[in-house]
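> The structure is given below, and queries will be raised subsequently.
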Amino acid sequence: MSLLNDLVNLNLCDVTEKVIAEYIWIGGSGMDMRSKARTLPGPESNPSKLPKWNYDGSSTEQATGDNSEVIIYPQAIFRDPFRRGRNMLVMCDTYTPTGDPIPTNKRFIADKIFSHPDVVAEEPWYGIEQEYTLFQKDTKWPLGWPVGGFPAPQGPYYCGVGSDKAFGRDIVDAHYKACLFAGINISGINGEVMPGQWEFQVGPVTGISSGDQVWMARYILERITEIAGAVLSFDPKPVLGDWNGAGAHTNYSTKSMRNDGGIEVINEAIEKLSKRHKEHIAAYGKGNERRLTGLHETADINTFSWGVANRGASVRVGRDTEKEGKGYFEDRRPSSNMDPYVVTSMIAETTILWKP
């Protein structure tokens, strides 16, 4: 086994200019991440200079067997924390051989919104709070929970410390450092209300890069749980009953909101969001109705609400933003399995481009 570890950790820099690039894309379910590796002649920092590639879309529910080729376009490059050295992780999106985005390519649509001159001028910033749950591989039950039973009620687990409160911290810390190594703007981590549930935050990040970074952070976490022998879940309500669900609260601001007098722009944006509540809910993740019940720090899925420091509202405005008269707000509706390309671009479209 030690020889295997030595080979896995071989440093190629001393013997070759070649590098390994792991191409990563989103599969047909909209949540499954796929990847495969190829050798390149050397490191590259510009994704547009990397070669396009292809894969069998009939095996990912993205094409039929008689026309199965899907083309992946490199869109963002990150350092590889697994192979290290000069090796790369490459976030890609997906196209037909004729160059059209396939239906599951949500990045293409998001990029069009973020490229609109009015959106570019506003420099939208995002901070996404990605919650997730760690499960035991063999029992399909949350990490740290007694098999077939339940732990003590919620209360001591949120930001908790100790072997009876924090389950999976080694995975969480490994992920934190791996994201920093990769070049992801991960800004923090914490234990969540339900035992076995954790959160990481990515941001502030501007525009389309927010989606790229959240997806890459998810990929890295998936790889780490693979190594650790745990199962990663982004289900918005992984355990029924008196247990918190999992969300992806999305903090948002524009240049106008961050400037003096920005609170008026924030109020106008929230009013716009209220008028498109149903459209946003429909795009904010599958199974969200199991989470947005009005309980466990959520608003009811059918009713839009907002408030200052209110974690039971659809949209929360922070005390600091209220006091300073400028800043950001938090959309608390997105579920943990949301597509960050969809959510970030939709918020920008509604608050900047949409005319009621």
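Going through the structure tokens in order, the chains are called A, B, and so on, while each chain numbers its residues from 1 and the ligands are numbered from 1 in the order shown.
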Which of segment 95-324 of chain A counts as helix (DSSP H, G or I) under DSSP, as number ranges by chain please?
A: 106-114, 117-122, 169-182, 208-228, 255-258, 262-275, 277-283, 288-290, 319-324
> For Val193 of chain A, list every protein, DNA or RNA residue within 8 Å, evaluated using only C-alpha atoms, and leave out those in the same chain fewer than 6 positions away; present the list as a PyMOL selection string.
chain A and resi 154-159+244
> Residues within 9 Å of segment 55-63 of chain A, please, as number ranges by chain. Count only C-alpha atoms; anything in the same chain fewer than 6 positions from it doesn't count.
A: 27-29, 32, 34, 69-72, 102-104
> Could the residues in this selection be saved with N, CA and C atoms as a PDB file, in the first residue's frame?

```
ATOM      1  N   GLY A  27     -23.699  16.181 -15.367  1.00  0.00           N
ATOM      2  CA  GLY A  27     -24.403  15.138 -16.095  1.00  0.00           C
ATOM      3  C   GLY A  27     -25.885  15.430 -16.270  1.00  0.00           C
ATOM      4  N   GLY A  28     -26.601  14.434 -16.757  1.00  0.00           N
ATOM      5  CA  GLY A  28     -27.981  14.603 -17.177  1.00  0.00           C
ATOM      6  C   GLY A  28     -28.975  14.893 -16.081  1.00  0.00           C
ATOM      7  N   SER A  29     -28.690  14.501 -14.843  1.00  0.00           N
ATOM      8  CA  SER A  29     -29.635  14.765 -13.753  1.00  0.00           C
ATOM      9  C   SER A  29     -29.607  16.226 -13.322  1.00  0.00           C
ATOM     10  N   ASP A  32     -25.438  15.347 -10.969  1.00  0.00           N
ATOM     11  CA  ASP A  32     -24.326  14.396 -11.013  1.00  0.00           C
ATOM     12  C   ASP A  32     -23.148  15.024 -11.744  1.00  0.00           C
ATOM     13  N   ARG A  34     -19.462  14.571 -13.530  1.00  0.00           N
ATOM     14  CA  ARG A  34     -18.662  13.582 -14.259  1.00  0.00           C
ATOM     15  C   ARG A  34     -17.286  14.178 -14.531  1.00  0.00           C
ATOM     16  N   GLU A  69     -22.383  11.695 -29.171  1.00  0.00           N
ATOM     17  CA  GLU A  69     -21.221  12.529 -28.863  1.00  0.00           C
ATOM     18  C   GLU A  69     -21.637  13.896 -28.330  1.00  0.00           C
ATOM     19  N   VAL A  70     -21.145  14.236 -27.149  1.00  0.00           N
ATOM     20  CA  VAL A  70     -21.313  15.558 -26.560  1.00  0.00           C
ATOM     21  C   VAL A  70     -19.928  16.190 -26.429  1.00  0.00           C
ATOM     22  N   ILE A  71     -19.836  17.465 -26.801  1.00  0.00           N
ATOM     23  CA  ILE A  71     -18.551  18.181 -26.783  1.00  0.00           C
ATOM     24  C   ILE A  71     -18.472  19.028 -25.521  1.00  0.00           C
ATOM     25  N   ILE A  72     -17.337  18.949 -24.831  1.00  0.00           N
ATOM     26  CA  ILE A  72     -17.140  19.780 -23.640  1.00  0.00           C
ATOM     27  C   ILE A  72     -16.145  20.897 -23.937  1.00  0.00           C
ATOM     28  N   ILE A 102     -26.384  21.946 -25.142  1.00  0.00           N
ATOM     29  CA  ILE A 102     -27.403  20.916 -24.928  1.00  0.00           C
ATOM     30  C   ILE A 102     -28.363  21.405 -23.840  1.00  0.00           C
ATOM     31  N   PRO A 103     -29.553  20.828 -23.706  1.00  0.00           N
ATOM     32  CA  PRO A 103     -30.565  21.344 -22.773  1.00  0.00           C
ATOM     33  C   PRO A 103     -30.110  21.453 -21.320  1.00  0.00           C
ATOM     34  N   THR A 104     -29.212  20.583 -20.888  1.00  0.00           N
ATOM     35  CA  THR A 104     -28.769  20.631 -19.492  1.00  0.00           C
ATOM     36  C   THR A 104     -27.628  21.622 -19.261  1.00  0.00           C
TER      37      THR A 104
END
```
> Residues of segment 91-253 of chain A classed as strand (DSSP E or B) by DSSP on the backbone are to be reported as a VMD selection string.
chain A and resid 91 to 95 101 125 to 136 142 186 to 191 197 to 206 230 to 233 247 to 253
> Would you mind exporting the chosen residues as a tab-separated table (two decimals), in the first residue's frame, restricted to N, CA and C atoms?

```
chain	number	residue	atom	x	y	z
A	91	MET	N	-13.24	23.16	-15.32
A	91	MET	CA	-14.71	23.18	-15.36
A	91	MET	C	-15.16	23.43	-16.78
A	92	CYS	N	-16.04	22.57	-17.26
A	92	CYS	CA	-16.48	22.62	-18.66
A	92	CYS	C	-18.00	22.74	-18.73
A	93	ASP	N	-18.49	23.19	-19.91
A	93	ASP	CA	-19.91	23.05	-20.19
A	93	ASP	C	-20.09	22.27	-21.50
A	94	THR	N	-21.33	21.99	-21.88
A	94	THR	CA	-21.62	20.91	-22.81
A	94	THR	C	-22.39	21.38	-24.05
A	95	TYR	N	-21.97	20.84	-25.23
A	95	TYR	CA	-22.52	21.27	-26.52
A	95	TYR	C	-22.70	20.09	-27.45
A	101	PRO	N	-25.60	24.62	-27.36
A	101	PRO	CA	-25.62	24.10	-25.99
A	101	PRO	C	-26.70	23.04	-25.84
A	125	TRP	N	-22.26	40.70	-7.06
A	125	TRP	CA	-21.46	39.84	-6.16
A	125	TRP	C	-22.38	38.80	-5.53
A	126	TYR	N	-21.84	37.60	-5.36
A	126	TYR	CA	-22.58	36.51	-4.73
A	126	TYR	C	-21.74	35.87	-3.64
A	127	GLY	N	-22.42	35.50	-2.57
A	127	GLY	CA	-21.83	34.65	-1.54
A	127	GLY	C	-22.81	33.53	-1.27
A	128	ILE	N	-22.44	32.31	-1.63
A	128	ILE	CA	-23.37	31.18	-1.53
A	128	ILE	C	-23.00	30.29	-0.35
A	129	GLU	N	-24.00	30.02	0.49
A	129	GLU	CA	-23.83	29.18	1.67
A	129	GLU	C	-24.32	27.78	1.33
A	130	GLN	N	-23.40	26.91	0.97
A	130	GLN	CA	-23.75	25.56	0.51
A	130	GLN	C	-23.81	24.59	1.68
A	131	GLU	N	-25.03	24.16	2.03
A	131	GLU	CA	-25.21	23.14	3.06
A	131	GLU	C	-25.23	21.76	2.42
A	132	TYR	N	-24.81	20.77	3.19
A	132	TYR	CA	-24.78	19.38	2.71
A	132	TYR	C	-24.79	18.45	3.91
A	133	THR	N	-25.08	17.18	3.64
A	133	THR	CA	-25.13	16.18	4.70
A	133	THR	C	-24.21	15.02	4.36
A	134	LEU	N	-23.48	14.55	5.34
A	134	LEU	CA	-22.60	13.40	5.18
A	134	LEU	C	-23.31	12.15	5.68
A	135	PHE	N	-23.28	11.11	4.86
A	135	PHE	CA	-23.94	9.85	5.22
A	135	PHE	C	-22.91	8.73	5.37
A	136	GLN	N	-23.24	7.76	6.22
A	136	GLN	CA	-22.44	6.55	6.33
A	136	GLN	C	-22.65	5.73	5.05
A	142	PRO	N	-27.21	9.30	8.35
A	142	PRO	CA	-26.24	10.38	8.54
A	142	PRO	C	-25.05	9.99	9.41
A	186	ILE	N	-13.29	30.27	-1.21
A	186	ILE	CA	-14.08	29.73	-0.10
A	186	ILE	C	-13.81	30.60	1.11
A	187	SER	N	-14.88	31.08	1.75
A	187	SER	CA	-14.71	32.08	2.79
A	187	SER	C	-14.95	31.55	4.20
A	188	GLY	N	-15.41	30.30	4.31
A	188	GLY	CA	-15.60	29.75	5.65
A	188	GLY	C	-16.35	28.42	5.63
A	189	ILE	N	-16.39	27.80	6.80
A	189	ILE	CA	-17.14	26.54	6.99
A	189	ILE	C	-17.74	26.56	8.39
A	190	ASN	N	-18.80	25.78	8.60
A	190	ASN	CA	-19.32	25.60	9.96
A	190	ASN	C	-20.20	24.36	10.02
A	191	GLY	N	-20.30	23.80	11.22
A	191	GLY	CA	-21.24	22.73	11.46
A	191	GLY	C	-22.65	23.28	11.47
A	197	GLN	N	-24.57	17.38	9.33
A	197	GLN	CA	-24.77	18.39	8.30
A	197	GLN	C	-23.76	19.52	8.49
A	198	TRP	N	-23.21	19.99	7.34
A	198	TRP	CA	-22.19	21.04	7.37
A	198	TRP	C	-22.49	22.08	6.30
A	199	GLU	N	-21.73	23.15	6.34
A	199	GLU	CA	-21.88	24.21	5.34
A	199	GLU	C	-20.52	24.78	4.98
A	200	PHE	N	-20.35	25.10	3.70
A	200	PHE	CA	-19.21	25.93	3.29
A	200	PHE	C	-19.74	27.12	2.52
A	201	GLN	N	-19.00	28.21	2.56
A	201	GLN	CA	-19.40	29.43	1.88
A	201	GLN	C	-18.40	29.77	0.78
A	202	VAL	N	-18.90	30.15	-0.38
A	202	VAL	CA	-18.07	30.59	-1.50
A	202	VAL	C	-18.46	32.02	-1.85
A	203	GLY	N	-17.52	32.93	-1.72
A	203	GLY	CA	-17.79	34.31	-2.08
A	203	GLY	C	-17.04	35.27	-1.18
A	204	PRO	N	-17.08	36.57	-1.52
A	204	PRO	CA	-17.82	37.11	-2.67
A	204	PRO	C	-17.13	36.79	-4.00
A	205	VAL	N	-17.95	36.44	-4.98
A	205	VAL	CA	-17.49	36.14	-6.34
A	205	VAL	C	-18.42	36.86	-7.30
A	206	THR	N	-17.86	37.36	-8.39
A	206	THR	CA	-18.63	38.14	-9.35
A	206	THR	C	-19.17	37.27	-10.49
A	230	ALA	N	-17.28	8.10	2.75
A	230	ALA	CA	-18.57	8.64	3.16
A	230	ALA	C	-19.39	8.96	1.91
A	231	VAL	N	-20.67	9.21	2.09
A	231	VAL	CA	-21.55	9.55	0.98
A	231	VAL	C	-22.04	10.98	1.17
A	232	LEU	N	-21.93	11.78	0.10
A	232	LEU	CA	-22.32	13.18	0.14
A	232	LEU	C	-23.75	13.34	-0.38
A	233	SER	N	-24.57	14.09	0.35
A	233	SER	CA	-25.94	14.34	-0.08
A	233	SER	C	-26.23	15.84	-0.10
A	247	GLY	N	-30.04	24.00	2.70
A	247	GLY	CA	-30.27	25.02	1.70
A	247	GLY	C	-28.98	25.50	1.06
A	248	ALA	N	-29.13	26.51	0.23
A	248	ALA	CA	-27.99	27.20	-0.37
A	248	ALA	C	-28.31	28.69	-0.39
A	249	HIS	N	-28.39	29.26	0.79
A	249	HIS	CA	-28.71	30.68	0.92
A	249	HIS	C	-27.76	31.50	0.04
A	250	THR	N	-28.33	32.42	-0.71
A	250	THR	CA	-27.56	33.15	-1.70
A	250	THR	C	-27.54	34.63	-1.35
A	251	ASN	N	-26.37	35.11	-0.92
A	251	ASN	CA	-26.18	36.51	-0.58
A	251	ASN	C	-25.81	37.28	-1.85
A	252	TYR	N	-26.41	38.47	-2.00
A	252	TYR	CA	-26.34	39.15	-3.29
A	252	TYR	C	-26.27	40.66	-3.10
A	253	SER	N	-25.45	41.28	-3.93
A	253	SER	CA	-25.43	42.75	-3.99
A	253	SER	C	-24.99	43.19	-5.37
```
> With a distance cut-off of 8 Å and only C-alpha atoms, select the neighbouring residues of Trp145 of chain A, excluding the residue or stretch itself and same-chain residues fewer than 4 positions from it, and output the selection as JSON, numbers by chain.
{"A": [141, 149, 150, 151, 195, 196]}
> Mind dumping the selected residues with all heavy atoms as an mmCIF file, in the first residue's frame?

```
data_model
loop_
_atom_site.group_PDB
_atom_site.id
_atom_site.type_symbol
_atom_site.label_atom_id
_atom_site.label_comp_id
_atom_site.auth_asym_id
_atom_site.auth_seq_id
_atom_site.Cartn_x
_atom_site.Cartn_y
_atom_site.Cartn_z
ATOM 1 N N TRP A 141 -27.327 6.286 6.400
ATOM 2 C CA TRP A 141 -27.834 7.036 7.538
ATOM 3 C C TRP A 141 -26.813 8.110 7.872
ATOM 4 O O TRP A 141 -25.611 7.891 7.685
ATOM 5 C CB TRP A 141 -28.056 6.078 8.710
ATOM 6 C CG TRP A 141 -29.039 6.484 9.756
ATOM 7 C CD1 TRP A 141 -28.822 6.501 11.107
ATOM 8 C CD2 TRP A 141 -30.394 6.910 9.577
ATOM 9 N NE1 TRP A 141 -29.956 6.899 11.782
ATOM 10 C CE2 TRP A 141 -30.937 7.160 10.864
ATOM 11 C CE3 TRP A 141 -31.206 7.117 8.462
ATOM 12 C CZ2 TRP A 141 -32.252 7.606 11.061
ATOM 13 C CZ3 TRP A 141 -32.508 7.558 8.654
ATOM 14 C CH2 TRP A 141 -33.018 7.799 9.934
ATOM 15 N N GLY A 149 -31.402 4.406 14.528
ATOM 16 C CA GLY A 149 -31.934 5.255 15.589
ATOM 17 C C GLY A 149 -31.658 6.722 15.335
ATOM 18 O O GLY A 149 -31.239 7.115 14.248
ATOM 19 N N PHE A 150 -31.873 7.533 16.358
ATOM 20 C CA PHE A 150 -31.739 8.971 16.228
ATOM 21 C C PHE A 150 -30.835 9.515 17.327
ATOM 22 O O PHE A 150 -30.821 8.992 18.450
ATOM 23 C CB PHE A 150 -33.109 9.642 16.303
ATOM 24 C CG PHE A 150 -34.026 9.272 15.160
ATOM 25 C CD1 PHE A 150 -34.853 8.154 15.248
ATOM 26 C CD2 PHE A 150 -34.036 10.017 13.994
ATOM 27 C CE1 PHE A 150 -35.697 7.804 14.204
ATOM 28 C CE2 PHE A 150 -34.868 9.679 12.942
ATOM 29 C CZ PHE A 150 -35.691 8.572 13.037
ATOM 30 N N PRO A 151 -30.107 10.569 17.032
ATOM 31 C CA PRO A 151 -29.303 11.208 18.074
ATOM 32 C C PRO A 151 -30.183 12.090 18.956
ATOM 33 O O PRO A 151 -31.399 12.183 18.749
ATOM 34 C CB PRO A 151 -28.323 12.058 17.254
ATOM 35 C CG PRO A 151 -29.095 12.411 16.012
ATOM 36 C CD PRO A 151 -29.981 11.223 15.717
ATOM 37 N N PRO A 195 -27.175 17.177 13.124
ATOM 38 C CA PRO A 195 -25.897 16.472 13.203
ATOM 39 C C PRO A 195 -25.574 15.749 11.895
ATOM 40 O O PRO A 195 -26.446 15.148 11.266
ATOM 41 C CB PRO A 195 -26.098 15.485 14.358
ATOM 42 C CG PRO A 195 -27.584 15.349 14.504
ATOM 43 C CD PRO A 195 -28.158 16.663 14.100
ATOM 44 N N GLY A 196 -24.310 15.826 11.481
ATOM 45 C CA GLY A 196 -23.881 15.249 10.212
ATOM 46 C C GLY A 196 -24.023 16.200 9.053
ATOM 47 O O GLY A 196 -23.660 15.866 7.926
#
```
> With distances taken over only C-alpha atoms, which of A:Met257, A:Val119, A:Leu292, A:Ala76 is nearest to Ser314 of chain A?
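Between A:Met257, A:Val119, A:Leu292, A:Ala76, the residue approaching Ser314 of chain A most closely is A:Leu292.
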> Determine, counting only C-alpha atoms, which protein, DNA and RNA residues have an atom within 8 Å of an atom of Met338 of chain A; residues of the same chain fewer than 3 positions away are not included. Present the result as a PyMOL selection string.
chain A and resi 248+283-286+334-335+342-343
> Just N, CA, C and O atoms for this one: save the residues we selected as a short mmCIF file (atom, residue, chain, number, x, y, z; two decimals), in the first residue's frame.

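Output file part.cif follows:
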```cif
data_model
loop_
_atom_site.label_atom_id
_atom_site.label_comp_id
_atom_site.auth_asym_id
_atom_site.auth_seq_id
_atom_site.Cartn_x
_atom_site.Cartn_y
_atom_site.Cartn_z
N ALA A 248 -29.13 26.51 0.23
CA ALA A 248 -27.99 27.20 -0.37
C ALA A 248 -28.31 28.69 -0.39
O ALA A 248 -28.53 29.29 -1.44
N ALA A 283 -37.33 27.27 -10.00
CA ALA A 283 -35.96 27.10 -10.47
C ALA A 283 -34.95 26.92 -9.34
O ALA A 283 -33.75 26.80 -9.59
N TYR A 284 -35.43 26.87 -8.09
CA TYR A 284 -34.53 26.91 -6.94
C TYR A 284 -34.19 25.55 -6.36
O TYR A 284 -33.64 25.47 -5.26
N GLY A 285 -34.50 24.46 -7.06
CA GLY A 285 -34.07 23.15 -6.61
C GLY A 285 -35.22 22.16 -6.46
O GLY A 285 -36.34 22.55 -6.11
N LYS A 286 -34.93 20.89 -6.73
CA LYS A 286 -35.94 19.83 -6.64
C LYS A 286 -36.15 19.41 -5.18
O LYS A 286 -35.21 19.31 -4.41
N PRO A 334 -33.26 29.23 -2.08
CA PRO A 334 -32.63 28.14 -2.84
C PRO A 334 -32.31 26.92 -1.97
O PRO A 334 -31.84 27.05 -0.84
N SER A 335 -32.54 25.74 -2.53
CA SER A 335 -32.25 24.50 -1.82
C SER A 335 -30.80 24.10 -2.04
O SER A 335 -30.11 24.62 -2.92
N VAL A 342 -28.11 28.74 -12.50
CA VAL A 342 -29.51 29.14 -12.64
C VAL A 342 -29.87 30.20 -11.61
O VAL A 342 -30.45 31.25 -11.94
N VAL A 343 -29.55 29.95 -10.34
CA VAL A 343 -29.97 30.84 -9.26
C VAL A 343 -29.30 32.21 -9.37
O VAL A 343 -29.97 33.25 -9.29
#
```
> Near Phe78 of chain A, within 8 Å and counting only C-alpha atoms, which residues show up once chain neighbours fewer than 4 positions away are dropped, as a PyMOL selection string?
chain A and resi 88-90+182-184
> Write the residues of the selection above to a file with all heavy atoms, as a PDB file, in the first residue's frame.

```pdb
ATOM      1  N   MET A  88      -4.212  20.282 -13.360  1.00  0.00           N
ATOM      2  CA  MET A  88      -5.345  21.193 -13.390  1.00  0.00           C
ATOM      3  C   MET A  88      -6.680  20.472 -13.253  1.00  0.00           C
ATOM      4  O   MET A  88      -6.823  19.324 -13.703  1.00  0.00           O
ATOM      5  CB  MET A  88      -5.366  21.957 -14.723  1.00  0.00           C
ATOM      6  CG  MET A  88      -4.128  22.785 -15.010  1.00  0.00           C
ATOM      7  SD  MET A  88      -4.255  23.578 -16.637  1.00  0.00           S
ATOM      8  CE  MET A  88      -4.094  22.158 -17.726  1.00  0.00           C
ATOM      9  N   LEU A  89      -7.639  21.169 -12.662  1.00  0.00           N
ATOM     10  CA  LEU A  89      -9.046  20.815 -12.743  1.00  0.00           C
ATOM     11  C   LEU A  89      -9.695  21.811 -13.696  1.00  0.00           C
ATOM     12  O   LEU A  89      -9.490  23.022 -13.558  1.00  0.00           O
ATOM     13  CB  LEU A  89      -9.725  20.893 -11.373  1.00  0.00           C
ATOM     14  CG  LEU A  89      -9.153  20.021 -10.254  1.00  0.00           C
ATOM     15  CD1 LEU A  89      -9.922  20.271  -8.950  1.00  0.00           C
ATOM     16  CD2 LEU A  89      -9.204  18.544 -10.619  1.00  0.00           C
ATOM     17  N   VAL A  90     -10.485  21.320 -14.638  1.00  0.00           N
ATOM     18  CA  VAL A  90     -11.049  22.186 -15.675  1.00  0.00           C
ATOM     19  C   VAL A  90     -12.571  22.073 -15.660  1.00  0.00           C
ATOM     20  O   VAL A  90     -13.126  21.005 -15.935  1.00  0.00           O
ATOM     21  CB  VAL A  90     -10.507  21.802 -17.073  1.00  0.00           C
ATOM     22  CG1 VAL A  90     -11.050  22.772 -18.120  1.00  0.00           C
ATOM     23  CG2 VAL A  90      -8.980  21.798 -17.077  1.00  0.00           C
ATOM     24  N   ALA A 182      -7.011  25.063  -4.601  1.00  0.00           N
ATOM     25  CA  ALA A 182      -7.496  25.079  -5.985  1.00  0.00           C
ATOM     26  C   ALA A 182      -7.661  26.489  -6.528  1.00  0.00           C
ATOM     27  O   ALA A 182      -7.661  26.693  -7.748  1.00  0.00           O
ATOM     28  CB  ALA A 182      -8.825  24.330  -6.073  1.00  0.00           C
ATOM     29  N   GLY A 183      -7.809  27.472  -5.635  1.00  0.00           N
ATOM     30  CA  GLY A 183      -8.033  28.842  -6.071  1.00  0.00           C
ATOM     31  C   GLY A 183      -9.481  29.273  -5.967  1.00  0.00           C
ATOM     32  O   GLY A 183      -9.887  30.302  -6.519  1.00  0.00           O
ATOM     33  N   ILE A 184     -10.277  28.496  -5.245  1.00  0.00           N
ATOM     34  CA  ILE A 184     -11.680  28.844  -5.007  1.00  0.00           C
ATOM     35  C   ILE A 184     -11.753  29.838  -3.850  1.00  0.00           C
ATOM     36  O   ILE A 184     -11.055  29.684  -2.847  1.00  0.00           O
ATOM     37  CB  ILE A 184     -12.493  27.575  -4.677  1.00  0.00           C
ATOM     38  CG1 ILE A 184     -12.558  26.663  -5.902  1.00  0.00           C
ATOM     39  CG2 ILE A 184     -13.886  27.915  -4.175  1.00  0.00           C
ATOM     40  CD1 ILE A 184     -13.054  25.265  -5.606  1.00  0.00           C
TER      41      ILE A 184
END
```
> For segment 191-240 of chain A against segment 35-49 of chain A, with a cut-off of 12 Å and counting only C-alpha atoms, what is the closest atom pair and its distance in Å to one decimal for every residue that makes the cut, ordered by chain and number, as a tab-separated table?

```
residue	atom	partner	partner_atom	distance
A:Met216	CA	A:Ser35	CA	11.3
A:Tyr219	CA	A:Ser35	CA	9.2
A:Ile220	CA	A:Ser35	CA	11.4
A:Glu222	CA	A:Ser35	CA	11.6
A:Arg223	CA	A:Ser35	CA	10.7
```
> Take the residues from that selection and write them out as an mmCIF file, in the first residue's frame, keeping N, CA and C atoms.

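This is the output file selection09.cif:
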```
data_model
loop_
_atom_site.group_PDB
_atom_site.id
_atom_site.type_symbol
_atom_site.label_atom_id
_atom_site.label_comp_id
_atom_site.auth_asym_id
_atom_site.auth_seq_id
_atom_site.Cartn_x
_atom_site.Cartn_y
_atom_site.Cartn_z
ATOM 1 N N MET A 216 -17.190 23.646 -8.752
ATOM 2 C CA MET A 216 -15.888 23.022 -8.523
ATOM 3 C C MET A 216 -15.706 22.643 -7.055
ATOM 4 N N TYR A 219 -17.467 19.447 -6.594
ATOM 5 C CA TYR A 219 -16.694 18.332 -7.168
ATOM 6 C C TYR A 219 -15.591 17.897 -6.206
ATOM 7 N N ILE A 220 -14.859 18.863 -5.666
ATOM 8 C CA ILE A 220 -13.760 18.548 -4.751
ATOM 9 C C ILE A 220 -14.292 17.831 -3.510
ATOM 10 N N GLU A 222 -17.020 16.009 -3.348
ATOM 11 C CA GLU A 222 -17.416 14.663 -3.768
ATOM 12 C C GLU A 222 -16.203 13.736 -3.822
ATOM 13 N N ARG A 223 -15.095 14.241 -4.341
ATOM 14 C CA ARG A 223 -13.870 13.433 -4.423
ATOM 15 C C ARG A 223 -13.332 13.105 -3.029
#
```
> Calculate how many Å separate atom CA of Lys326 of chain A from atom CA of Ala269 of chain A, rounding to one decimal.
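Atom-to-atom, atom CA of Lys326 of chain A and atom CA of Ala269 of chain A are spaced 12.8 Å apart.
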> Have a look at atom CA of Phe181 of chain A and atom CA of Pro81 of chain A and let me know their distance in Å, one decimal.
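If I compute the distance from atom CA of Phe181 of chain A to atom CA of Pro81 of chain A, I get 6.2 Å.
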> A:Glu297, A:Asp212, A:Ala152, A:Gly168: which is nearest Ile77 of chain A, counting only C-alpha atoms?
A:Asp212
> List as JSON, numbers by chain the protein and nucleic acid residues near Asp300 of chain A, meaning an atom at most 12 Å away when only C-alpha atoms are counted, but skip any in the same chain fewer than 5 places from it.
{"A": [277, 281, 288, 289, 290, 291, 292, 293, 294, 295, 305, 306, 311, 312, 313, 314, 315, 332, 333]}
> Can you work out which one of A:Arg276, A:Lys177, A:Lys255, A:Arg218 has the shortest atom-to-atom distance to Tyr328 of chain A, counting only C-alpha atoms?
A:Lys255
> Quick one: pull the distance between atom CA of Gly318 of chain A and atom CA of Glu279 of chain A, Å, one decimal.
24.7 Å
> Between A:Glu123, A:Asp111, A:Glu192, A:Asp14, which has the minimum distance to Tyr341 of chain A (counting only C-alpha atoms)?
A:Asp111
> So, counting only C-alpha atoms, which residue among A:Glu268, A:Trp215, A:Ser163, A:Leu4 is closest to Ser336 of chain A?
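With only C-alpha atoms as the atom set, the closest residue is A:Trp215.
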